[in-house]
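Below is final_18.cif, holding mmCIF, C-alpha atoms and all ligand atoms.
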data_upload
loop_
_atom_site.label_atom_id
_atom_site.label_comp_id
_atom_site.auth_asym_id
_atom_site.auth_seq_id
_atom_site.Cartn_x
_atom_site.Cartn_y
_atom_site.Cartn_z
CA MET A 782 81.31 111.43 72.81
CA VAL A 783 83.25 109.56 75.50
CA LYS A 784 86.93 110.42 75.88
CA PRO A 785 89.66 107.90 75.11
CA LYS A 786 91.68 106.75 78.11
CA ILE A 787 94.79 104.73 77.46
CA ALA A 788 95.83 102.80 80.55
CA PRO A 789 99.09 100.81 80.45
CA SER A 790 98.84 97.82 82.78
CA MET A 791 101.67 98.15 85.29
CA LEU A 792 101.54 94.37 85.75
CA SER A 793 103.87 94.21 82.75
CA SER A 794 106.26 96.81 84.17
CA ASP A 795 109.42 96.27 86.18
CA PHE A 796 107.91 96.29 89.69
CA ALA A 797 111.35 96.95 91.19
CA ASN A 798 111.35 100.30 89.37
CA LEU A 799 107.67 101.13 89.60
CA ALA A 800 107.94 104.91 90.01
CA ALA A 801 110.27 105.24 87.03
CA GLU A 802 108.08 102.92 84.95
CA ALA A 803 104.97 104.97 85.80
CA ASP A 804 106.77 108.17 84.92
CA ARG A 805 107.91 106.71 81.62
CA MET A 806 104.37 105.66 80.66
CA LEU A 807 103.00 109.12 81.47
CA ARG A 808 105.70 110.73 79.33
CA TYR A 809 104.76 108.36 76.53
CA GLY A 810 101.18 109.65 76.65
CA ALA A 811 99.29 107.36 79.05
CA ASP A 812 96.11 108.84 80.57
CA TRP A 813 95.75 106.38 83.43
CA LEU A 814 97.95 103.78 85.11
CA HIS A 815 96.15 100.44 85.41
CA MET A 816 97.01 98.70 88.68
CA ASP A 817 96.14 95.00 88.92
CA ILE A 818 95.46 93.95 92.50
CA MET A 819 95.22 90.15 92.86
CA ASP A 820 94.77 88.20 96.09
CA GLY A 821 95.87 84.71 95.03
CA HIS A 822 92.32 83.49 95.73
CA PHE A 823 89.90 85.15 93.31
CA VAL A 824 92.57 84.51 90.68
CA PRO A 825 95.56 82.14 90.82
CA ASN A 826 98.11 84.95 91.04
CA LEU A 827 99.25 87.38 93.72
CA THR A 828 100.41 90.89 92.94
CA ILE A 829 100.26 94.14 94.88
CA GLY A 830 98.05 95.81 97.46
CA ALA A 831 97.51 99.12 99.21
CA PRO A 832 101.13 99.56 100.46
CA VAL A 833 102.44 99.63 96.89
CA ILE A 834 99.69 102.04 95.77
CA GLU A 835 100.62 104.27 98.71
CA SER A 836 104.30 104.25 97.73
CA LEU A 837 103.53 104.99 94.09
CA ARG A 838 101.17 107.82 95.04
CA LYS A 839 104.13 109.63 96.61
CA HIS A 840 105.75 109.79 93.18
CA THR A 841 102.86 110.70 90.91
CA ASP A 842 99.56 112.58 90.67
CA ALA A 843 98.36 110.24 87.90
CA TYR A 844 94.96 108.57 87.92
CA LEU A 845 95.54 105.12 89.46
CA ASP A 846 92.96 102.84 87.87
CA CYS A 847 92.81 99.95 90.35
CA HIS A 848 91.38 96.64 89.14
CA LEU A 849 90.58 94.41 92.10
CA MET A 850 90.73 90.71 91.35
CA VAL A 851 89.98 89.79 94.95
CA THR A 852 87.36 87.72 96.76
CA ASN A 853 86.45 90.35 99.37
CA PRO A 854 86.63 93.78 97.69
CA ILE A 855 84.96 95.53 100.63
CA ASP A 856 88.04 94.85 102.79
CA TYR A 857 90.18 96.87 100.37
CA VAL A 858 88.10 100.07 100.28
CA GLU A 859 89.47 101.73 103.37
CA PRO A 860 93.17 100.90 102.79
CA LEU A 861 93.07 101.79 99.10
CA GLY A 862 91.22 105.03 99.77
CA LYS A 863 93.91 105.99 102.28
CA ALA A 864 96.67 104.90 99.91
CA GLY A 865 95.45 107.31 97.22
CA ALA A 866 93.77 105.04 94.65
CA SER A 867 91.68 106.94 92.07
CA GLY A 868 89.42 104.28 90.55
CA PHE A 869 88.20 101.19 92.42
CA THR A 870 86.91 98.53 90.04
CA PHE A 871 85.64 95.37 91.72
CA HIS A 872 84.43 92.15 90.10
CA VAL A 873 80.67 91.58 89.98
CA GLU A 874 81.34 87.88 90.70
CA ALA A 875 82.89 88.90 94.04
CA ALA A 876 80.38 91.58 95.04
CA LYS A 877 77.41 89.30 95.75
CA GLU A 878 74.55 90.96 97.61
CA ASN A 879 76.52 93.81 99.22
CA TRP A 880 77.29 95.80 96.07
CA GLN A 881 75.20 98.82 97.05
CA GLU A 882 77.13 99.22 100.30
CA LEU A 883 80.38 98.62 98.43
CA ILE A 884 79.72 101.38 95.86
CA HIS A 885 78.64 103.74 98.60
CA ARG A 886 81.83 103.17 100.58
CA ILE A 887 84.07 103.52 97.52
CA LYS A 888 82.53 106.93 96.79
CA SER A 889 82.73 108.03 100.40
CA LYS A 890 86.49 107.37 100.31
CA GLY A 891 86.80 109.66 97.28
CA MET A 892 87.33 106.93 94.69
CA ARG A 893 85.47 106.31 91.44
CA PRO A 894 83.55 103.01 91.45
CA GLY A 895 83.68 100.59 88.55
CA VAL A 896 82.55 97.01 88.01
CA ALA A 897 84.41 94.29 86.09
CA LEU A 898 83.14 91.04 84.66
CA LYS A 899 84.88 87.80 83.72
CA PRO A 900 84.47 86.34 80.22
CA GLU A 901 81.85 83.78 81.34
CA THR A 902 79.67 86.37 83.13
CA PRO A 903 76.74 87.75 81.10
CA ILE A 904 76.55 91.51 80.66
CA GLU A 905 73.04 91.57 82.17
CA GLU A 906 74.65 91.04 85.58
CA VAL A 907 75.98 94.59 85.69
CA TYR A 908 72.82 96.41 84.63
CA SER A 909 71.41 96.77 88.14
CA LEU A 910 74.72 98.35 89.26
CA LEU A 911 74.36 100.96 86.52
CA GLU A 912 70.77 101.76 87.35
CA ALA A 913 71.16 102.04 91.13
CA LYS A 914 70.80 105.26 93.10
CA ASP A 915 74.58 105.18 93.61
CA PRO A 916 75.68 103.69 90.27
CA VAL A 917 79.08 102.46 89.13
CA GLU A 918 80.77 104.91 86.76
CA MET A 919 82.71 102.47 84.63
CA VAL A 920 82.31 98.88 83.37
CA LEU A 921 85.43 96.80 82.71
CA VAL A 922 84.77 94.01 80.22
CA MET A 923 87.50 91.37 80.61
CA THR A 924 88.73 90.14 77.25
CA VAL A 925 90.88 87.36 78.77
CA GLN A 926 90.54 85.27 81.93
CA PRO A 927 91.73 87.54 84.77
CA GLY A 928 95.02 86.64 86.44
CA PHE A 929 97.85 87.06 83.98
CA GLY A 930 99.16 89.41 81.33
CA GLY A 931 100.09 88.30 77.84
CA GLN A 932 96.99 86.25 76.98
CA LYS A 933 95.03 86.20 73.72
CA PHE A 934 92.21 88.73 73.18
CA MET A 935 88.71 87.17 73.06
CA PRO A 936 86.82 88.91 70.23
CA GLU A 937 83.53 87.27 71.26
CA MET A 938 83.46 89.63 74.27
CA MET A 939 82.70 92.52 71.90
CA ASP A 940 78.97 91.65 71.95
CA LYS A 941 78.96 92.74 75.61
CA VAL A 942 80.65 96.03 74.74
CA ARG A 943 78.15 96.68 71.93
CA SER A 944 75.13 96.00 74.17
CA LEU A 945 76.51 98.29 76.87
CA ARG A 946 77.34 101.13 74.49
CA LYS A 947 73.86 100.96 72.96
CA LYS A 948 72.23 101.36 76.36
CA TYR A 949 74.77 103.83 77.86
CA PRO A 950 76.14 106.28 75.27
CA SER A 951 78.28 108.23 77.74
CA LEU A 952 79.52 105.44 80.01
CA ASP A 953 83.23 104.70 80.42
CA ILE A 954 83.63 101.19 79.00
CA GLU A 955 87.04 99.63 79.62
CA VAL A 956 88.49 96.55 77.96
CA ASP A 957 91.34 94.59 79.50
CA GLY A 958 93.35 91.67 78.16
CA GLY A 959 95.17 91.08 74.91
CA LEU A 960 94.73 94.64 73.63
CA GLY A 961 97.27 96.07 71.23
CA PRO A 962 97.49 97.61 67.77
CA SER A 963 96.11 94.45 66.12
CA THR A 964 93.03 94.06 68.36
CA VAL A 965 92.12 97.58 69.48
CA ASP A 966 89.99 98.38 66.41
CA LEU A 967 87.61 95.54 67.30
CA ALA A 968 87.21 97.00 70.78
CA SER A 969 86.92 100.64 69.78
CA SER A 970 84.43 99.98 67.00
CA ALA A 971 82.29 97.99 69.46
CA GLY A 972 82.25 101.08 71.69
CA ALA A 973 85.07 100.71 74.23
CA ASN A 974 86.81 103.98 75.15
CA CYS A 975 89.19 102.93 77.96
CA ILE A 976 91.92 100.65 76.73
CA VAL A 977 94.15 98.68 79.10
CA ALA A 978 97.31 97.34 77.51
CA GLY A 979 100.16 95.54 79.25
CA SER A 980 102.42 93.39 77.13
CA SER A 981 101.73 95.24 73.87
CA VAL A 982 102.98 98.50 75.41
CA PHE A 983 105.79 97.28 77.67
CA GLY A 984 107.02 94.75 75.12
CA ALA A 985 107.21 97.28 72.28
CA SER A 986 110.41 98.89 71.03
CA TYR A 987 108.52 102.19 70.90
CA PRO A 988 105.79 102.17 73.57
CA ALA A 989 104.85 105.80 72.84
CA GLN A 990 103.96 104.78 69.31
CA VAL A 991 101.72 101.97 70.57
CA ILE A 992 99.97 104.31 73.01
CA SER A 993 99.28 106.82 70.25
CA GLN A 994 98.00 104.05 67.93
CA LEU A 995 95.61 102.89 70.65
CA ARG A 996 94.37 106.45 71.17
CA LYS A 997 93.88 107.03 67.48
CA SER A 998 91.75 103.90 67.19
CA VAL A 999 89.37 105.14 69.89
CA GLN A 1000 89.25 108.69 68.49
CA ASP A 1001 88.55 107.80 64.86
C1 LIG B 1101 94.85 90.42 83.64
C2 LIG B 1101 94.94 91.87 84.01
C3 LIG B 1101 95.35 92.75 82.89
C4 LIG B 1101 96.67 92.40 82.25
C5 LIG B 1101 96.61 92.80 80.83
O1 LIG B 1101 94.22 89.75 84.67
O2 LIG B 1101 93.69 92.35 84.48
O3 LIG B 1101 95.29 94.14 83.25
O4 LIG B 1101 97.78 93.00 82.87
O5 LIG B 1101 97.78 92.43 80.20
P1 LIG B 1101 97.89 92.22 78.63
O6 LIG B 1101 97.59 93.57 78.00
O7 LIG B 1101 99.27 91.77 78.44
O8 LIG B 1101 96.85 91.20 78.23
ZN ZN B 1102 93.44 94.54 84.79
#

Structure translated into C-alpha cells:
Amino acid sequence: MVKPKIAPSMLSSDFANLAAEADRMLRYGADWLHMDIMDGHFVPNLTIGAPVIESLRKHTDAYLDCHLMVTNPIDYVEPLGKAGASGFTFHVEAAKENWQELIHRIKSKGMRPGVALKPETPIEEVYSLLEAKDPVEMVLVMTVQPGFGGQKFMPEMMDKVRSLRKKYPSLDIEVDGGLGPSTVDLASSAGANCIVAGSSVFGASYPAQVISQLRKSVQD
C-alpha cells in the first residue's frame, strides 16, 4: 500500500512569516510542505522561486514538495537543487520534447522528479514519463486550473486518478486543488495518496484536525 502524505499548500500561508507557518504545519501533522512556484507566464500569477526555498530550507528539514507552474522548468533545476528543494514536479504541458533530459537533471541534483497535468490534459500524456528508463516518481493530477488557491474541486478528474492507480499500484499520486474534508474521500477512494490542501487547512479554526481528517481518509 502507498503511504499517505498530507501536504499543506504554503500558498495559503502568511508569506511574511513563512518559517513560522511551516513549523506550525509540521507540528499539526503535515508530512510535506507544498511549495507553489509560479512564473506569471505559465499561469497568470507570480509567487516564489529558489531564493525563498533557500531561506526556508535554513529553518526546516521538511520535505519541500515543489510544484513548478513555469514555462521553462529546466531553468529552475540547478537553482532549486542548490536551494534545497526535495521534490521537483514540472508540468507535462511545459516539458515538451526535453522531458528525458529534465528528469535526468532533476535526479542528478538530488531531487525527486514528478510530473503534473492540467485539467484539460489527458492522462495518457504522462504514461511515457512513467515508463522511461529514468521515470518520474510521482504524478500530480490538478483538480483545479493551476494558478490560484481557493478554487472548486473538479470531481471529473478522478477518472485520471483511477486509471493511474490501476496501472501503477505503488505510485505516489498527488491531487491538488479544492481538497478538504468534504472532497478528500472522492480523491482517496479513486486512489490518490498525496493530498495537497491550502485554503481548507489554513482557513480552518483547527488545522490539525483537518490534517488528521485528510490522513484518515487516505488510510481507511
Ligand atoms: C494552485 C496550486 C495549489 C493551491 C491549492 O495552482 O497548485 O497548490 O495552493 O489551494 P487550495 O487547496 O486552496 O485549492
Ligand atoms: Zn500546487

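Neighbouring residues of ligand ZN 1102 (chain B) at a cut-off of 7 Å, counting all atoms listed in the file, are A:Ser790, A:His815, A:Met816, A:Asp817, A:His848, A:Asp957.
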
For this session: Around the point (80.4, 102.0, 96.0), in the coordinates given by the file, pick out the residues reaching within 10 Å, counting all atoms listed in the file, and return them as a PyMOL selection string.
Result: chain A and resi 855+858+869-871+879-890+892-896+910+915-918

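Of the residues under consideration (A:Phe823, A:Glu859, A:Val920, A:Gln990), A:Phe823 shows the shortest atom-to-atom contact distance to A:Ala875 when counting all atoms listed in the file.
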
Quick one: what's the axis-aligned box for ligand LIG 1101 (chain B), all listed atoms, 5 Å on every side, centre and edges in Å to one decimal, as AutoDock Vina command-line options?
--center_x 96.5 --center_y 91.9 --center_z 81.3 --size_x 15.6 --size_y 14.4 --size_z 16.7

Exercise. Which chains and residue numbers are within 6 Å of ligand LIG 1101 (chain B), counting only C-alpha atoms and all ligand atoms, if I want them as a VMD selection string?
Worked result: chain A and resid 790 792 817 927 to 932 957 to 960 978 to 980

For this session: Using all atoms listed in the file, pick whichever of A:Lys933, A:Lys947, A:Lys839, A:Lys877 has the shortest atom-to-atom distance to A:Ala803.
Result: A:Lys839

For this session: Return the single residue from A:Val824, A:Leu945, A:Ala913, A:Ile787 that is closest to A:Met806, with distances computed using all atoms listed in the file.
Result: A:Ile787

Exercise. Excluding same-chain residues fewer than 2 positions from A:Leu967, what lies within 12 Å of it counting all atoms listed in the file, as a VMD selection string?
Worked result: chain A and resid 924 934 to 940 942 to 943 956 959 to 965 969 to 974 976 995 998 to 999

Create the file for the chosen residues now, containing C-alpha atoms and written as a PDB file, in the coordinates of the input.
ATOM      1  CA  THR A 924      88.730  90.140  77.250  1.00  0.00           C
ATOM      2  CA  PHE A 934      92.210  88.730  73.180  1.00  0.00           C
ATOM      3  CA  MET A 935      88.710  87.170  73.060  1.00  0.00           C
ATOM      4  CA  PRO A 936      86.820  88.910  70.230  1.00  0.00           C
ATOM      5  CA  GLU A 937      83.530  87.270  71.260  1.00  0.00           C
ATOM      6  CA  MET A 938      83.460  89.630  74.270  1.00  0.00           C
ATOM      7  CA  MET A 939      82.700  92.520  71.900  1.00  0.00           C
ATOM      8  CA  ASP A 940      78.970  91.650  71.950  1.00  0.00           C
ATOM      9  CA  VAL A 942      80.650  96.030  74.740  1.00  0.00           C
ATOM     10  CA  ARG A 943      78.150  96.680  71.930  1.00  0.00           C
ATOM     11  CA  VAL A 956      88.490  96.550  77.960  1.00  0.00           C
ATOM     12  CA  GLY A 959      95.170  91.080  74.910  1.00  0.00           C
ATOM     13  CA  LEU A 960      94.730  94.640  73.630  1.00  0.00           C
ATOM     14  CA  GLY A 961      97.270  96.070  71.230  1.00  0.00           C
ATOM     15  CA  PRO A 962      97.490  97.610  67.770  1.00  0.00           C
ATOM     16  CA  SER A 963      96.110  94.450  66.120  1.00  0.00           C
ATOM     17  CA  THR A 964      93.030  94.060  68.360  1.00  0.00           C
ATOM     18  CA  VAL A 965      92.120  97.580  69.480  1.00  0.00           C
ATOM     19  CA  SER A 969      86.920 100.640  69.780  1.00  0.00           C
ATOM     20  CA  SER A 970      84.430  99.980  67.000  1.00  0.00           C
ATOM     21  CA  ALA A 971      82.290  97.990  69.460  1.00  0.00           C
ATOM     22  CA  GLY A 972      82.250 101.080  71.690  1.00  0.00           C
ATOM     23  CA  ALA A 973      85.070 100.710  74.230  1.00  0.00           C
ATOM     24  CA  ASN A 974      86.810 103.980  75.150  1.00  0.00           C
ATOM     25  CA  ILE A 976      91.920 100.650  76.730  1.00  0.00           C
ATOM     26  CA  LEU A 995      95.610 102.890  70.650  1.00  0.00           C
ATOM     27  CA  SER A 998      91.750 103.900  67.190  1.00  0.00           C
ATOM     28  CA  VAL A 999      89.370 105.140  69.890  1.00  0.00           C
TER      29      VAL A 999
END

For this session: Would you mind reading off the distance between atom CA of A:Ile904 and atom CA of A:Val922, one decimal, in Å?
Result: 8.6 Å

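Atom CA of A:Lys786 is found 4.6 Å from atom CA of A:Cys975.
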